[in-house]
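J.: The structure under discussion is supplied below as structure tokens; questions concerning it will follow.
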Amino acid sequence: MPDIGGMTWAVTIGVVLALLAVDLVLAVVRPHRVKIREATAWSVFYVLFALGFGVWFTLRYGGDAGTQYFVGYLVEKSLSVDNLFVFVIIMSTFAVPEAHQHKVLTFGIVLALALRAVFIAVGATLLALFSFVFLLFGLLLLYTAVQLFRHRDEDPDVEDNLVVRTARRVLPITDDYDQGKLFTRVEGRKMATPLFVVLLAIGSIDVLFALDSIPAVFGITSEPYVVFAANAFALLGLRALFFLVKGLLDRLVYLSTGLSLILAFIGVKLILHWAHEDVDPRVPEIPILLSLAVILVVLVVVTVASLLKTRRDPSLKARPGSLRAQRTQAPRTDQPDP
């Protein structure tokens, strides 16, 4: 792949920051309940923007680079749907008023982008210095895939989050959202509102998602710019997508299973790449187009199977999955067939 120049980096970061600024202005200056029409318009805009960027990137840097971007974007977009599940759980757990959900999501996406930028920089540096990091990333993804599959019908325990527990223990927190403020004063005492705790919950969970998604996209491309662009454009549309599909998420009962398969596949791809580079060049590698085909097939099969399953049994409810078993898990009668 040709070198990505500093100007391309600067313009891309500038565009991402400009789009985030628009979202922040809409969220902070005009908090409101986002309706389907508005969510649809923004979702279409962000998808078309990401696709348009991919077309430009392909024309500018070649077909191989463009394919890496589109596959990386697809991986990040599919993994971001699992983010939406967790966002729904957080919103319901903390009873976030609809008028302030826009603000919470926007700040959450800003935190996610900032954290992933750090992870990308660290990951790219480690990969450039130590090729065995491909092996470590591959093993991490395989472990994550196994854990996600084992606990695919569970919800992550937001209240058991270490950051949330610590905040509740050390900070004075009000019961009222006080018009969407992060901090307020009660009888002259400065106190945090539940909105601040919500942002801490989203930010800390974003770290866990970054630990999966960054190695996953590095399994598609080792170019930091492509990793950043795929993450940025997948996350930018997440806020609008939340309001558009949150009523449909419950029907994707096999999504966690599909995501665990995708993570396992990319984990194997990373391990084979490490073995090809460091052990024996005769070890085969998985081509990028085959990766695209496998990911698309898994997503299509998972979506169709989920919709058919919930059509036959509307009582079924999807779960985002968890990386560890919960301390107390209520018995469930609405599990999909294995």
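Within each chain, counting starts at residue 1; across the structure tokens, chains are named A, B, ... in the order shown, with ligands numbered 1 upward in that order.
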Each residue of stretch 99-161 of chain A with at least one atom at most 10 Å from stretch 219-231 of chain A should appear once, together with its nearest atom pair and the corresponding distance in Å (one decimal); atoms considered: only C-alpha atoms; ordering: chain, then increasing residue number; output as CSV.

T.:
```
residue,atom,partner,partner_atom,distance
A:Ala112,CA,A:Asn231,CA,9.5
A:Leu113,CA,A:Asn231,CA,7.7
A:Arg116,CA,A:Asn231,CA,7.8
A:Ala117,CA,A:Phe228,CA,6.9
A:Phe119,CA,A:Phe228,CA,9.9
A:Ile120,CA,A:Pro224,CA,6.6
A:Ala121,CA,A:Pro224,CA,7.4
A:Gly123,CA,A:Pro224,CA,8.6
A:Ala124,CA,A:Pro224,CA,6.1
A:Thr125,CA,A:Pro224,CA,9.3
A:Leu127,CA,A:Ser222,CA,7.9
A:Ala128,CA,A:Ser222,CA,9.0
A:Phe134,CA,A:Gly219,CA,8.0
A:Phe137,CA,A:Gly219,CA,8.3
A:Gly138,CA,A:Gly219,CA,7.9
A:Leu141,CA,A:Gly219,CA,9.8
```

J.: Got a sec: who's within 12 Å of stretch 82-84 of chain A, counting only C-alpha atoms, leaving out chain neighbours fewer than 3 positions off, as a PyMOL selection string?

T.: chain A and resi 75-79+87-91+105+108-109+112+148+152+155-156+202-203+205-210+212-213+234-235+237-250+252-260+318-322

J.: Quote the spacing between atom CA of A:Leu316 and atom CA of A:Glu154 in Å to one decimal place.

T.: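 So the two atoms, atom CA of A:Leu316 and atom CA of A:Glu154, lie 13.1 Å apart.
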
J.: Just the residues within 9 Å of A:Arg33, please, counting only C-alpha atoms, with nothing from its chain fewer than 6 positions along; format it as a PyMOL selection string.

T.: chain A and resi 97-102

J.: If you count only C-alpha atoms, which residues fall within 10 Å of A:Gly180, apart from same-chain ones fewer than 3 positions away, as a ChimeraX atom specification?

T.: /A:28,31,96-97,99-101,103-104,176-177,183-184,193-196

J.: Enter the distance from atom CA of A:Ala216 to atom CA of A:Ala293, in Å, rounded to one decimal.

T.: 15.8 Å

J.: Between atom CA of A:Leu299 and atom CA of A:Gly52, what distance in Å does the model show, to one decimal?

T.: 22.2 Å

J.: Smallest atom-to-atom distance to A:Arg169: which of A:Asp278, A:Val122, A:Ser80, A:Val197, using only C-alpha atoms?

T.: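 Of the candidates, the smallest distance to A:Arg169 is held by A:Val197.
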
J.: Mind checking DSSP for stretch 34-270 of chain A and telling me the strand (DSSP E or B) residues as an MDAnalysis selection string?

T.: chainID A and resid 173 183:186 189:192

J.: Would you return as a ChimeraX atom specification the members of stretch 18-217 of chain A that DSSP assigns to alpha helix (DSSP H) on this structure's backbone?

T.: /A:18-28,36-61,63-93,98-129,133-150,162-170,194-217

J.: Taking 4 positions as the minimum chain separation for residues in the same chain, which residues sit within 9 Å of stretch 1-17 of chain A when counting only C-alpha atoms? Answer as a list in words.

T.: Ala21, Val22, Tyr61, Gly62, Asp64, Ala65, Glu223, Tyr225, Ala229, Ala232, Phe233 and Leu236 of chain A

J.: Given only C-alpha atoms as the basis, pick out the residue of A:Leu139, A:Gly267, A:Phe218, A:Gly66 nearest to A:Leu289.

T.: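 When distances to A:Leu289 are compared using only C-alpha atoms, the smallest one comes from A:Gly66.
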
J.: Pick out the closest residue to A:Arg165 from this set: A:Ser291, A:Phe57, A:Val268, A:Val198. Count only C-alpha atoms.

T.: A:Val198
